[in-house]
file query28.txt (compact mmCIF, C-alpha atoms)
# COMPACT_ATOMS: atom_id res chain seq x y z
CA MET C 1 9.20 11.92 15.93
CA HIS C 2 10.80 8.66 14.94
CA SER C 3 13.83 8.51 12.75
CA PHE C 4 13.46 6.65 9.47
CA LEU C 5 16.14 4.12 10.47
CA GLY C 6 14.52 3.68 13.86
CA ASP C 7 11.22 2.79 12.25
CA LEU C 8 12.95 0.26 10.01
CA ARG C 9 14.00 -1.72 13.10
CA LEU C 10 10.62 -3.40 12.65
CA LEU C 11 12.20 -5.43 9.84
CA ARG C 12 14.46 -7.17 12.39
CA ASP C 13 11.43 -8.54 14.25
CA ARG C 14 10.85 -12.17 13.22
CA ARG C 15 7.06 -12.05 13.42
CA PHE C 16 6.76 -8.80 11.51
CA ALA C 17 9.21 -10.06 8.86
CA LEU C 18 7.16 -13.25 8.41
CA LEU C 19 3.90 -11.31 8.21
CA LEU C 20 5.44 -8.88 5.73
CA THR C 21 6.81 -11.68 3.55
CA ALA C 22 3.57 -13.64 3.59
CA ARG C 23 1.49 -10.58 2.76
CA THR C 24 3.87 -9.55 -0.04
CA ILE C 25 3.74 -12.99 -1.68
CA SER C 26 -0.04 -13.20 -1.29
CA VAL C 27 -0.53 -9.82 -2.97
CA LEU C 28 1.85 -10.87 -5.74
CA GLY C 29 -0.49 -13.80 -6.36
CA SER C 30 -3.48 -11.48 -6.36
CA ALA C 31 -1.75 -9.10 -8.77
CA PHE C 32 -1.60 -11.79 -11.44
CA ALA C 33 -5.36 -12.21 -11.25
CA PRO C 34 -6.90 -9.04 -12.80
CA VAL C 35 -5.19 -9.37 -16.17
CA ALA C 36 -5.27 -13.18 -16.16
CA LEU C 37 -8.93 -13.44 -15.22
CA ALA C 38 -10.15 -10.53 -17.35
CA PHE C 39 -8.51 -11.63 -20.58
CA GLY C 40 -8.81 -15.33 -19.81
CA ILE C 41 -12.58 -14.86 -19.65
CA LEU C 42 -12.87 -12.35 -22.50
CA ASN C 43 -10.91 -14.67 -24.81
CA LEU C 44 -13.27 -17.61 -24.23
CA PRO C 45 -15.45 -18.53 -27.23
CA GLY C 46 -18.61 -16.42 -27.16
CA ALA C 47 -17.58 -14.44 -24.07
CA THR C 48 -18.70 -10.81 -23.71
CA ALA C 49 -18.25 -8.02 -21.17
CA SER C 50 -21.35 -9.37 -19.43
CA THR C 51 -19.66 -12.78 -19.05
CA LEU C 52 -16.76 -11.13 -17.24
CA SER C 53 -19.22 -9.13 -15.13
CA ILE C 54 -20.94 -12.34 -13.98
CA VAL C 55 -17.68 -14.05 -12.95
CA LEU C 56 -16.38 -10.99 -11.10
CA THR C 57 -19.74 -10.51 -9.39
CA ALA C 58 -19.65 -14.16 -8.30
CA GLU C 59 -16.35 -13.37 -6.58
CA SER C 60 -17.52 -10.10 -5.06
CA VAL C 61 -20.88 -11.16 -3.61
CA PRO C 62 -19.60 -13.96 -1.30
CA MET C 63 -16.83 -11.64 -0.12
CA ILE C 64 -19.50 -9.18 1.01
CA VAL C 65 -21.90 -11.81 2.39
CA PHE C 66 -19.24 -13.53 4.52
CA MET C 67 -17.29 -10.44 5.60
CA LEU C 68 -19.10 -10.02 8.95
CA ALA C 69 -18.59 -13.69 9.74
CA GLY C 70 -14.89 -13.20 8.97
CA GLY C 71 -14.76 -10.37 11.50
CA VAL C 72 -16.39 -12.47 14.21
CA LEU C 73 -14.02 -15.36 13.52
CA ALA C 74 -10.98 -13.11 13.71
CA ASP C 75 -12.09 -11.62 17.06
CA ARG C 76 -12.89 -15.08 18.49
CA LEU C 77 -10.10 -17.29 17.14
CA PRO C 78 -6.32 -16.82 16.78
CA ARG C 79 -6.00 -14.41 13.88
CA GLN C 80 -2.94 -16.23 12.59
CA ARG C 81 -4.97 -19.40 12.01
CA VAL C 82 -7.83 -17.50 10.41
CA MET C 83 -5.42 -15.89 7.95
CA MET C 84 -3.80 -19.24 7.17
CA VAL C 85 -7.18 -20.79 6.31
CA GLY C 86 -7.97 -17.80 4.10
CA GLU C 87 -4.75 -18.20 2.11
CA PHE C 88 -5.40 -21.89 1.50
CA LEU C 89 -8.98 -21.14 0.37
CA MET C 90 -7.52 -18.66 -2.11
CA THR C 91 -5.19 -21.40 -3.32
CA ALA C 92 -8.12 -23.72 -3.96
CA GLY C 93 -10.20 -21.09 -5.78
CA PHE C 94 -7.47 -19.93 -8.13
CA LEU C 95 -6.21 -23.44 -8.78
CA ALA C 96 -9.72 -24.45 -9.86
CA LEU C 97 -9.95 -21.45 -12.22
CA ALA C 98 -6.52 -22.25 -13.65
CA ILE C 99 -7.36 -25.90 -14.30
CA MET C 100 -10.62 -25.01 -16.04
CA LEU C 101 -8.94 -22.53 -18.37
CA LEU C 102 -6.04 -24.91 -19.07
CA VAL C 103 -8.17 -27.94 -19.93
CA GLY C 104 -10.75 -25.91 -21.84
CA TRP C 105 -13.73 -26.91 -19.67
CA THR C 106 -15.21 -23.53 -18.77
CA PRO C 107 -18.94 -23.65 -18.04
CA LEU C 108 -20.00 -20.31 -16.57
CA PRO C 109 -21.48 -21.80 -13.34
CA ALA C 110 -18.20 -23.61 -12.59
CA LEU C 111 -16.14 -20.47 -13.23
CA ALA C 112 -18.48 -18.50 -10.99
CA ALA C 113 -18.24 -21.11 -8.22
CA ALA C 114 -14.43 -21.06 -8.23
CA ALA C 115 -14.45 -17.26 -8.21
CA ALA C 116 -16.90 -17.36 -5.29
CA LEU C 117 -14.45 -19.46 -3.25
CA SER C 118 -11.80 -16.78 -3.61
CA GLY C 119 -14.37 -14.21 -2.47
CA VAL C 120 -15.04 -16.22 0.69
CA ALA C 121 -11.28 -16.41 1.26
CA THR C 122 -10.95 -12.63 1.11
CA ALA C 123 -13.79 -12.29 3.64
CA VAL C 124 -11.94 -14.61 6.00
CA THR C 125 -8.50 -13.05 5.56
CA PHE C 126 -8.95 -9.29 5.56
CA PRO C 127 -10.48 -8.68 9.04
CA ALA C 128 -7.86 -10.97 10.55
CA LEU C 129 -5.06 -9.05 8.83
CA THR C 130 -6.32 -5.72 10.16
CA GLY C 131 -6.49 -7.15 13.67
CA ILE C 132 -3.16 -8.98 13.70
CA ILE C 133 -1.04 -5.95 12.79
CA PRO C 134 -1.38 -4.25 16.24
CA GLU C 135 -0.56 -7.62 17.84
CA VAL C 136 2.78 -7.60 16.03
CA VAL C 137 3.66 -3.87 15.76
CA PRO C 138 4.20 -1.46 18.71
CA THR C 139 1.52 1.23 18.94
CA ASP C 140 3.89 4.11 18.22
CA ARG C 141 5.07 2.40 15.01
CA LEU C 142 1.70 1.35 13.63
CA GLN C 143 1.77 3.85 10.78
CA THR C 144 5.25 2.69 9.79
CA GLY C 145 4.21 -0.95 10.04
CA ASN C 146 1.19 -0.32 7.83
CA ALA C 147 3.38 1.58 5.38
CA LEU C 148 5.98 -1.21 5.20
CA LEU C 149 3.25 -3.79 4.63
CA GLY C 150 1.90 -1.47 1.94
CA LEU C 151 5.36 -1.15 0.39
CA GLY C 152 5.67 -4.92 0.04
CA ALA C 153 2.13 -5.24 -1.27
CA ASN C 154 2.53 -2.40 -3.73
CA ALA C 155 5.86 -3.66 -5.04
CA SER C 156 4.09 -6.96 -5.62
CA ARG C 157 1.31 -5.21 -7.51
CA VAL C 158 3.87 -3.59 -9.81
CA ALA C 159 5.66 -6.88 -10.41
CA GLY C 160 2.39 -8.79 -10.69
CA ALA C 161 0.87 -6.38 -13.19
CA VAL C 162 3.94 -6.65 -15.43
CA LEU C 163 4.62 -10.36 -14.97
CA GLY C 164 0.93 -11.25 -15.03
CA GLY C 165 0.42 -9.45 -18.33
CA ALA C 166 3.54 -11.08 -19.80
CA THR C 167 2.41 -14.52 -18.62
CA VAL C 168 -1.03 -14.02 -20.17
CA VAL C 169 0.48 -12.88 -23.47
CA LEU C 170 3.08 -15.68 -23.62
CA PHE C 171 1.30 -18.61 -21.97
CA GLY C 172 -2.35 -17.68 -21.43
CA GLY C 173 -4.56 -16.79 -18.48
CA GLY C 174 -4.69 -20.35 -17.15
CA TRP C 175 -0.98 -20.51 -16.37
CA ALA C 176 -1.03 -17.05 -14.77
CA LEU C 177 -3.82 -18.19 -12.44
CA ALA C 178 -1.85 -21.35 -11.61
CA VAL C 179 1.10 -19.20 -10.55
CA SER C 180 -1.30 -17.18 -8.36
CA ALA C 181 -2.51 -20.37 -6.65
CA ALA C 182 1.08 -21.42 -5.87
CA MET C 183 1.84 -18.05 -4.30
CA PHE C 184 -1.21 -18.20 -2.04
CA ALA C 185 -0.05 -21.63 -0.86
CA VAL C 186 3.40 -20.28 0.02
CA ALA C 187 1.82 -17.36 1.91
CA GLY C 188 -0.33 -19.80 3.90
CA VAL C 189 2.74 -21.78 4.93
CA LEU C 190 4.55 -18.61 6.07
CA ILE C 191 1.54 -17.51 8.14
CA ALA C 192 1.55 -20.97 9.75
CA MET C 193 5.14 -20.28 10.91
CA LEU C 194 4.11 -17.22 12.95
CA ARG C 195 4.36 -17.90 16.68
CA MET C 196 1.78 -15.65 18.29
CA PRO C 197 1.22 -15.53 22.06
CA PRO C 198 -2.10 -17.10 23.09
CA GLY C 199 -4.86 -14.54 23.50
CA ASP C 200 -7.75 -14.62 25.94
CA ARG C 201 -10.84 -15.21 23.83
CA SER C 202 -12.85 -16.87 26.62
CA ALA C 203 -15.38 -14.04 26.93
CA ALA C 204 -15.99 -14.08 23.18
CA GLY C 205 -16.61 -17.81 23.33
CA ARG C 206 -19.43 -17.33 25.85
CA ARG C 207 -21.29 -14.81 23.66
CA SER C 208 -23.52 -15.59 20.73
CA VAL C 209 -22.45 -14.63 17.21
CA LEU C 210 -25.36 -12.19 17.09
CA ALA C 211 -24.18 -10.52 20.31
CA ASP C 212 -20.69 -10.22 18.82
CA LEU C 213 -22.12 -8.59 15.70
CA ARG C 214 -24.22 -6.15 17.76
CA GLU C 215 -21.20 -5.15 19.82
CA GLY C 216 -19.12 -4.62 16.68
CA TRP C 217 -21.93 -2.55 15.18
CA ARG C 218 -22.06 -0.33 18.28
CA GLU C 219 -18.32 0.31 18.00
CA PHE C 220 -18.70 1.04 14.28
CA ARG C 221 -21.62 3.46 14.43
CA SER C 222 -20.35 5.30 17.52
CA ARG C 223 -17.58 6.89 15.42
CA GLN C 224 -18.94 9.31 12.84
CA TRP C 225 -15.69 9.47 10.89
CA ILE C 226 -15.80 5.71 10.28
CA TRP C 227 -19.35 5.38 8.97
CA VAL C 228 -19.19 8.55 6.87
CA VAL C 229 -16.03 7.42 5.06
CA VAL C 230 -17.46 3.93 4.64
CA ALA C 231 -20.57 5.47 3.04
CA GLN C 232 -18.28 7.49 0.75
CA PHE C 233 -16.40 4.35 -0.25
CA SER C 234 -19.55 2.35 -0.92
CA LEU C 235 -20.05 4.57 -3.99
CA LEU C 236 -16.37 5.07 -4.78
CA VAL C 237 -15.76 1.31 -4.82
CA MET C 238 -18.79 0.79 -7.06
CA ALA C 239 -17.13 3.11 -9.56
CA VAL C 240 -13.72 1.44 -9.20
CA GLN C 241 -15.16 -2.05 -9.60
CA ALA C 242 -16.90 -1.02 -12.81
CA GLY C 243 -13.92 0.92 -14.13
CA HIS C 244 -11.12 -1.47 -13.20
CA GLY C 245 -13.01 -4.73 -13.45
CA VAL C 246 -14.89 -4.33 -16.73
CA LEU C 247 -14.80 -0.94 -18.48
CA GLY C 248 -11.03 -0.42 -18.42
CA PRO C 249 -10.15 -3.88 -19.78
CA LEU C 250 -12.95 -3.54 -22.33
CA LEU C 251 -11.62 -0.19 -23.58
CA ALA C 252 -8.10 -1.63 -23.64
CA LYS C 253 -9.33 -4.46 -25.86
CA GLU C 254 -11.32 -2.09 -28.10
CA SER C 255 -8.81 0.68 -28.71
CA LEU C 256 -5.67 0.64 -26.54
CA GLY C 257 -3.96 -2.56 -27.64
CA GLY C 258 -5.30 -5.30 -25.39
CA PRO C 259 -3.77 -6.89 -22.27
CA ALA C 260 -0.36 -5.22 -22.66
CA ALA C 261 -1.96 -1.76 -22.46
CA TRP C 262 -4.10 -2.68 -19.46
CA SER C 263 -1.05 -4.19 -17.74
CA ALA C 264 0.73 -0.86 -18.27
CA PHE C 265 -2.22 0.93 -16.64
CA LEU C 266 -2.15 -1.41 -13.61
CA ALA C 267 1.64 -1.18 -13.37
CA GLY C 268 1.44 2.62 -13.40
CA GLU C 269 -1.13 2.57 -10.62
CA ALA C 270 0.95 0.10 -8.61
CA ALA C 271 4.09 2.22 -9.06
CA GLY C 272 2.09 5.13 -7.70
CA THR C 273 1.24 3.16 -4.59
CA ILE C 274 4.98 2.59 -4.01
CA ALA C 275 5.57 6.33 -4.20
CA GLY C 276 2.61 6.73 -1.87
CA VAL C 277 4.32 4.52 0.70
CA LEU C 278 7.33 6.83 0.76
CA VAL C 279 4.95 9.72 1.45
CA SER C 280 2.84 7.90 4.02
CA MET C 281 5.82 6.64 6.05
CA ARG C 282 6.77 10.19 6.94
CA LEU C 283 3.42 11.98 6.70
CA ARG C 284 2.03 12.70 10.17
CA PRO C 285 -1.02 14.96 9.66
CA SER C 286 -2.71 16.27 12.78
CA ARG C 287 -6.09 15.50 11.12
CA PRO C 288 -5.43 12.17 9.41
CA ILE C 289 -8.97 11.38 8.22
CA LEU C 290 -9.45 14.83 6.68
CA VAL C 291 -6.23 14.36 4.69
CA ALA C 292 -7.20 10.78 3.81
CA VAL C 293 -10.54 11.89 2.34
CA LEU C 294 -9.02 14.82 0.43
CA VAL C 295 -6.51 12.56 -1.35
CA CYS C 296 -9.41 10.51 -2.76
CA LEU C 297 -10.35 13.30 -5.18
CA PRO C 298 -7.48 12.76 -7.66
CA ALA C 299 -8.40 9.05 -7.82
CA ALA C 300 -10.97 10.06 -10.47
CA LEU C 301 -8.21 11.23 -12.84
CA PRO C 302 -7.53 7.95 -14.72
CA TYR C 303 -11.21 7.49 -15.54
CA VAL C 304 -11.36 11.03 -16.91
CA LEU C 305 -8.29 10.38 -19.08
CA LEU C 306 -9.68 7.07 -20.33
CA GLY C 307 -12.99 8.75 -21.11
CA VAL C 308 -11.53 11.63 -23.12
CA SER C 309 -9.27 9.40 -25.29
CA ALA C 310 -5.99 10.60 -23.77
CA PRO C 311 -2.81 8.90 -25.04
CA LEU C 312 -1.74 5.75 -23.21
CA TRP C 313 1.22 7.46 -21.52
CA GLY C 314 -1.12 10.08 -20.07
CA ILE C 315 -3.56 7.42 -18.87
CA VAL C 316 -0.72 5.53 -17.17
CA ALA C 317 0.43 8.78 -15.53
CA GLY C 318 -3.11 9.33 -14.23
CA ALA C 319 -3.12 5.79 -12.86
CA PHE C 320 0.18 6.60 -11.08
CA VAL C 321 -1.41 9.63 -9.38
CA ALA C 322 -4.40 7.54 -8.31
CA GLY C 323 -2.04 4.92 -6.89
CA VAL C 324 -0.31 7.51 -4.71
CA CYS C 325 -3.69 8.67 -3.42
CA TYR C 326 -4.97 5.16 -2.68
CA ASP C 327 -1.88 4.29 -0.67
CA VAL C 328 -1.80 7.46 1.42
CA PHE C 329 -5.50 6.99 2.18
CA GLY C 330 -5.01 3.31 3.08
CA VAL C 331 -2.15 3.87 5.52
CA LEU C 332 -3.84 6.80 7.28
CA TRP C 333 -7.16 4.93 7.47
CA GLN C 334 -5.74 1.65 8.77
CA THR C 335 -3.59 3.42 11.36
CA ALA C 336 -6.51 5.51 12.63
CA MET C 337 -8.69 2.38 12.91
CA GLN C 338 -6.01 0.46 14.80
CA ARG C 339 -5.42 3.35 17.22
CA GLU C 340 -9.02 4.37 17.85
CA VAL C 341 -10.90 1.02 17.93
CA PRO C 342 -10.43 -1.38 20.88
CA ALA C 343 -8.29 -4.40 19.94
CA GLU C 344 -10.95 -6.92 20.97
CA SER C 345 -13.43 -5.38 18.50
CA LEU C 346 -11.06 -4.33 15.73
CA SER C 347 -11.66 -7.22 13.32
CA ARG C 348 -15.44 -6.86 13.59
CA VAL C 349 -15.31 -3.10 13.01
CA SER C 350 -12.97 -3.79 10.09
CA SER C 351 -15.48 -6.27 8.68
CA TYR C 352 -18.27 -3.67 8.88
CA ASP C 353 -15.88 -1.24 7.19
CA VAL C 354 -15.20 -3.63 4.31
CA LEU C 355 -18.83 -4.75 4.06
CA GLY C 356 -20.10 -1.19 3.82
CA SER C 357 -17.35 -0.11 1.45
CA MET C 358 -17.85 -3.07 -0.90
CA MET C 359 -21.61 -3.53 -0.74
CA PHE C 360 -22.34 -1.72 -4.02
CA GLY C 361 -19.32 -3.18 -5.81
CA PRO C 362 -21.33 -6.03 -7.39
CA ILE C 363 -23.82 -3.46 -8.69
CA GLY C 364 -20.97 -1.64 -10.41
CA LEU C 365 -19.77 -4.87 -11.97
CA LEU C 366 -23.25 -5.87 -13.12
CA LEU C 367 -24.07 -2.45 -14.58
CA ALA C 368 -20.70 -1.90 -16.27
CA GLY C 369 -21.31 -4.18 -19.25
CA PRO C 370 -24.83 -2.89 -20.01
CA ALA C 371 -23.68 0.73 -19.45
CA ALA C 372 -20.90 0.27 -22.00
CA SER C 373 -23.42 -1.11 -24.50
CA VAL C 374 -26.01 1.63 -23.96
CA PHE C 375 -23.88 4.75 -23.43
CA GLY C 376 -20.46 3.74 -24.76
CA THR C 377 -17.38 2.58 -22.89
CA ARG C 378 -15.75 6.01 -22.64
CA GLU C 379 -18.94 7.70 -21.46
CA ALA C 380 -19.40 5.04 -18.78
CA LEU C 381 -15.83 5.67 -17.58
CA LEU C 382 -16.56 9.39 -17.24
CA GLY C 383 -19.57 8.41 -15.14
CA CYS C 384 -17.20 6.46 -12.89
CA ALA C 385 -15.11 9.62 -12.40
CA VAL C 386 -18.19 11.56 -11.25
CA LEU C 387 -19.09 8.73 -8.89
CA VAL C 388 -15.65 9.00 -7.27
CA MET C 389 -15.74 12.76 -6.75
CA LEU C 390 -19.28 13.50 -5.52
CA PRO C 391 -19.34 11.27 -2.39
CA THR C 392 -15.79 12.38 -1.55
CA LEU C 393 -16.87 16.02 -1.50
CA ALA C 394 -19.92 15.07 0.56
CA ALA C 395 -17.75 13.28 3.16
CA LEU C 396 -15.84 16.52 3.78
CA LEU C 397 -19.03 18.02 5.26
CA SER C 398 -18.77 15.69 8.28
CA PRO C 399 -17.36 17.22 11.50
CA GLY C 400 -16.09 13.78 12.51
CA VAL C 401 -14.02 13.55 9.33
CA ARG C 402 -12.65 17.07 9.67
CA ASP C 403 -11.95 17.09 13.39
CA LEU C 404 -10.42 13.70 14.33
CA ARG C 405 -6.96 14.41 15.74
CA ALA C 406 -4.00 12.08 15.74
CA PRO C 407 -2.77 11.23 19.26
CA ARG C 408 0.63 12.35 20.48
CA LEU C 409 2.58 9.14 21.10
CA GLU C 410 5.85 8.61 22.91
CA PRO C 411 8.26 6.27 21.09
CA ALA C 412 8.52 2.77 22.50
CA SER C 413 11.87 2.01 24.08
CA SER C 414 14.09 -0.34 22.11
call {"tool": "encode", "arguments": {"input": "query28.txt", "output": "structure tokens"}}
result
Amino acid sequence: MHSFLGDLRLLRDRRFALLLTARTISVLGSAFAPVALAFGILNLPGATASTLSIVLTAESVPMIVFMLAGGVLADRLPRQRVMMVGEFLMTAGFLALAIMLLVGWTPLPALAAAAALSGVATAVTFPALTGIIPEVVPTDRLQTGNALLGLGANASRVAGAVLGGATVVLFGGGWALAVSAAMFAVAGVLIAMLRMPPGDRSAAGRRSVLADLREGWREFRSRQWIWVVVAQFSLLVMAVQAGHGVLGPLLAKESLGGPAAWSAFLAGEAAGTIAGVLVSMRLRPSRPILVAVLVCLPAALPYVLLGVSAPLWGIVAGAFVAGVCYDVFGVLWQTAMQREVPAESLSRVSSYDVLGSMMFGPIGLLLAGPAASVFGTREALLGCAVLVMLPTLAALLSPGVRDLRAPRLEPASS
């Protein structure tokens, strides 16, 4: 077993430090967006929950549609360059949203188009990020590398939730989105500074895109634990998109005090993910996917608390618990993927993972507004809690989920 200080030697590696810094700044930019976009849209003249649903769906759909293409690109081209392009696309999308809100020209199709550009950027960036980590981090320190990247990202989510909410309250959503755009630009420059050794992508260049996709699909479906958990998350993410994207902000506006209350919720969740990093850095379960699925069950807690009119402090505490669970799941899942899937197919398998996990997200966003109108906001949030728990329990029936064992690894010499 590695010592804690031995694992932290990763921070002295120039490439890992650059990747960590770029990812941390990029997530800080993203963390400004939920509060800024939600209340920037809801505060527009005549805007409703359905207006917000349309804009968020416009972001989510292109992310899903282009995710497989992002995986092929990241397995064919230098992943560093793919990530850099993704960060600059994010810059363009958020800058456009910021300018529209600041100048007061906010036609819904233009807002949706700018949001769609950021969705494409996510589709380009995420598979490349999953694939580049094993190129930078030694195999025996992958879990620590994922945890450290998570620590930086989660600290950014805490800071972004607080600072984003304060910026919205003091200056408005437009300025918060402008700050996001600047952070994505900085992250793109840092990624450009990575010096990665050239990889051999000649075989990939001779294959068709369709052949690449078929090969990635074979790798994906050959592992039961991957496709079962992805099926679980297709429903779980639908609930989270509805709850976090529309229903939670709507309830905050109706009865919790507005953007400050929702910022407190997001900050509590983000603080939980930091605590989750401290757990996941040292947690070495022999059955990592079984543990990862089990920790998804408490993620329903904040929706239950929102639905039963718990006090704000209790809701924030529930968000903290969910944050711990999300982070432990994420580190165990990413590490298992990076260890079990061949490097040359990893970005494509990751793209199938994200595509499957996110494919019902737009449905959750589209149904959230009407569900709040028909059933009530609190009742719809309780429905989200059920939609988190049922597929999680079903995933535990899979032998692949229960039986995957972590490999015994010898520490790399240093």
call {"tool": "residues_around", "arguments": {"input": "query28.txt", "residues": "Met100 (chain C)", "least_positions_apart": "3", "cutoff": "12 Å", "atoms": "all atoms listed in the file", "output": "list in words"}}
result
Leu37, Gly40, Ile41, Leu44, Gly93, Phe94, Leu95, Ala96, Leu97, Val103, Gly104, Trp105, Thr106, Pro107, Leu108, Pro109, Ala110, Leu111, Ala112, Ala113, Ala114, Ala115, Gly173, Gly174, Trp175, Leu177 and Ala178 of chain C
call {"tool": "closest_residue", "arguments": {"input": "query28.txt", "among": "C:Leu312, C:Leu381, C:Met84, C:Leu346", "to": "Leu213 (chain C)", "atoms": "only C-alpha atoms"}}
result
C:Leu346
call {"tool": "closest_atom_pairs", "arguments": {"input": "query28.txt", "of": "region 299-379 of chain C", "to": "region 136-159 of chain C", "cutoff": "12 Å", "atoms": "only C-alpha atoms", "output": "Markdown table"}}
result
| residue | atom | partner | partner_atom | distance |
| --- | --- | --- | --- | --- |
| C:Phe320 | CA | C:Val158 | CA | 10.9 |
| C:Gly323 | CA | C:Asn154 | CA | 9.2 |
| C:Val324 | CA | C:Asn154 | CA | 10.4 |
| C:Tyr326 | CA | C:Gly150 | CA | 10.6 |
| C:Asp327 | CA | C:Gly150 | CA | 7.4 |
| C:Val328 | CA | C:Ala147 | CA | 8.8 |
| C:Phe329 | CA | C:Ala147 | CA | 10.9 |
| C:Gly330 | CA | C:Gly150 | CA | 8.5 |
| C:Val331 | CA | C:Asn146 | CA | 5.8 |
| C:Leu332 | CA | C:Gln143 | CA | 7.2 |
| C:Trp333 | CA | C:Gln143 | CA | 9.6 |
| C:Gln334 | CA | C:Asn146 | CA | 7.3 |
| C:Thr335 | CA | C:Gln143 | CA | 5.4 |
| C:Ala336 | CA | C:Gln143 | CA | 8.6 |
| C:Met337 | CA | C:Leu142 | CA | 10.5 |
| C:Gln338 | CA | C:Leu142 | CA | 7.8 |
| C:Arg339 | CA | C:Thr139 | CA | 7.5 |
| C:Glu340 | CA | C:Thr139 | CA | 11.1 |
| C:Ala343 | CA | C:Thr139 | CA | 11.4 |
call {"tool": "closest_residue", "arguments": {"input": "query28.txt", "among": "C:Thr377, C:Thr24, C:Ser263, C:Thr51", "to": "Ala166 (chain C)", "atoms": "all atoms listed in the file"}}
result
C:Ser263
call {"tool": "closest_residue", "arguments": {"input": "query28.txt", "among": "C:Ser118, C:Thr21, C:Thr91, C:Ser26", "to": "Ala58 (chain C)", "atoms": "all atoms listed in the file"}}
result
C:Ser118
call {"tool": "atom_distance", "arguments": {"input": "query28.txt", "atom1": "CA of Gly258 (chain C)", "atom2": "CA of Met183 (chain C)"}}
result
25.7 Å
call {"tool": "residues_around", "arguments": {"input": "query28.txt", "residues": "Arg15 (chain C)", "least_positions_apart": "3", "cutoff": "12 Å", "atoms": "all atoms listed in the file", "output": "list of chain:residue names"}}
result
C:Leu10, C:Leu11, C:Arg12, C:Leu18, C:Leu19, C:Leu20, C:Thr21, C:Ala22, C:Gln80, C:Ile132, C:Ile133, C:Pro134, C:Glu135, C:Val136, C:Val137, C:Gly145, C:Leu190, C:Ile191, C:Ala192, C:Met193, C:Leu194, C:Arg195, C:Met196, C:Pro197
call {"tool": "atom_distance", "arguments": {"input": "query28.txt", "atom1": "CA of Leu170 (chain C)", "atom2": "CA of Val35 (chain C)"}}
result
12.8 Å
call {"tool": "atom_distance", "arguments": {"input": "query28.txt", "atom1": "CA of Val246 (chain C)", "atom2": "CA of Gly364 (chain C)"}}
result
9.2 Å
call {"tool": "residues_around", "arguments": {"input": "query28.txt", "residues": "Ser180 (chain C)", "least_positions_apart": "4", "cutoff": "8 Å", "atoms": "only C-alpha atoms", "output": "list of chain:residue names"}}
result
C:Leu28, C:Gly29, C:Ser30, C:Phe32, C:Ala33, C:Thr91, C:Phe94, C:Leu95, C:Ala176, C:Phe184
call {"tool": "closest_residue", "arguments": {"input": "query28.txt", "among": "C:Pro311, C:Leu382, C:Glu344, C:Cys296", "to": "Arg79 (chain C)", "atoms": "only C-alpha atoms"}}
result
C:Glu344
call {"tool": "closest_residue", "arguments": {"input": "query28.txt", "among": "C:Ala92, C:Met359, C:Ile274, C:Leu102", "to": "Leu117 (chain C)", "atoms": "only C-alpha atoms"}}
result
C:Ala92
call {"tool": "closest_residue", "arguments": {"input": "query28.txt", "among": "C:Ser345, C:Ala123, C:Ala182, C:Met358", "to": "Ala98 (chain C)", "atoms": "only C-alpha atoms"}}
result
C:Ala182
call {"tool": "build_atoms", "arguments": {"input": "query28.txt", "residues": "region 246-253 of chain C", "atoms": "N, CA, C and O atoms", "output": "PDB file, in the frame of the given file"}}
result
ATOM      1  N   VAL C 246     -14.253  -4.062 -15.443  1.00  0.00           N
ATOM      2  CA  VAL C 246     -14.890  -4.330 -16.730  1.00  0.00           C
ATOM      3  C   VAL C 246     -14.569  -3.260 -17.768  1.00  0.00           C
ATOM      4  O   VAL C 246     -14.058  -3.548 -18.852  1.00  0.00           O
ATOM      5  N   LEU C 247     -14.867  -1.987 -17.461  1.00  0.00           N
ATOM      6  CA  LEU C 247     -14.800  -0.940 -18.480  1.00  0.00           C
ATOM      7  C   LEU C 247     -13.378  -0.685 -18.958  1.00  0.00           C
ATOM      8  O   LEU C 247     -13.137  -0.509 -20.166  1.00  0.00           O
ATOM      9  N   GLY C 248     -12.416  -0.644 -18.023  1.00  0.00           N
ATOM     10  CA  GLY C 248     -11.030  -0.420 -18.420  1.00  0.00           C
ATOM     11  C   GLY C 248     -10.489  -1.522 -19.312  1.00  0.00           C
ATOM     12  O   GLY C 248      -9.952  -1.238 -20.397  1.00  0.00           O
ATOM     13  N   PRO C 249     -10.591  -2.805 -18.882  1.00  0.00           N
ATOM     14  CA  PRO C 249     -10.150  -3.880 -19.780  1.00  0.00           C
ATOM     15  C   PRO C 249     -10.885  -3.885 -21.118  1.00  0.00           C
ATOM     16  O   PRO C 249     -10.291  -4.172 -22.159  1.00  0.00           O
ATOM     17  N   LEU C 250     -12.188  -3.556 -21.091  1.00  0.00           N
ATOM     18  CA  LEU C 250     -12.950  -3.540 -22.330  1.00  0.00           C
ATOM     19  C   LEU C 250     -12.432  -2.453 -23.279  1.00  0.00           C
ATOM     20  O   LEU C 250     -12.240  -2.691 -24.481  1.00  0.00           O
ATOM     21  N   LEU C 251     -12.167  -1.254 -22.747  1.00  0.00           N
ATOM     22  CA  LEU C 251     -11.620  -0.190 -23.580  1.00  0.00           C
ATOM     23  C   LEU C 251     -10.230  -0.545 -24.083  1.00  0.00           C
ATOM     24  O   LEU C 251      -9.870  -0.237 -25.232  1.00  0.00           O
ATOM     25  N   ALA C 252      -9.440  -1.208 -23.210  1.00  0.00           N
ATOM     26  CA  ALA C 252      -8.100  -1.630 -23.640  1.00  0.00           C
ATOM     27  C   ALA C 252      -8.201  -2.599 -24.817  1.00  0.00           C
ATOM     28  O   ALA C 252      -7.427  -2.506 -25.781  1.00  0.00           O
ATOM     29  N   LYS C 253      -9.151  -3.502 -24.760  1.00  0.00           N
ATOM     30  CA  LYS C 253      -9.330  -4.460 -25.860  1.00  0.00           C
ATOM     31  C   LYS C 253      -9.831  -3.755 -27.117  1.00  0.00           C
ATOM     32  O   LYS C 253      -9.408  -4.083 -28.241  1.00  0.00           O
TER      33      LYS C 253
END
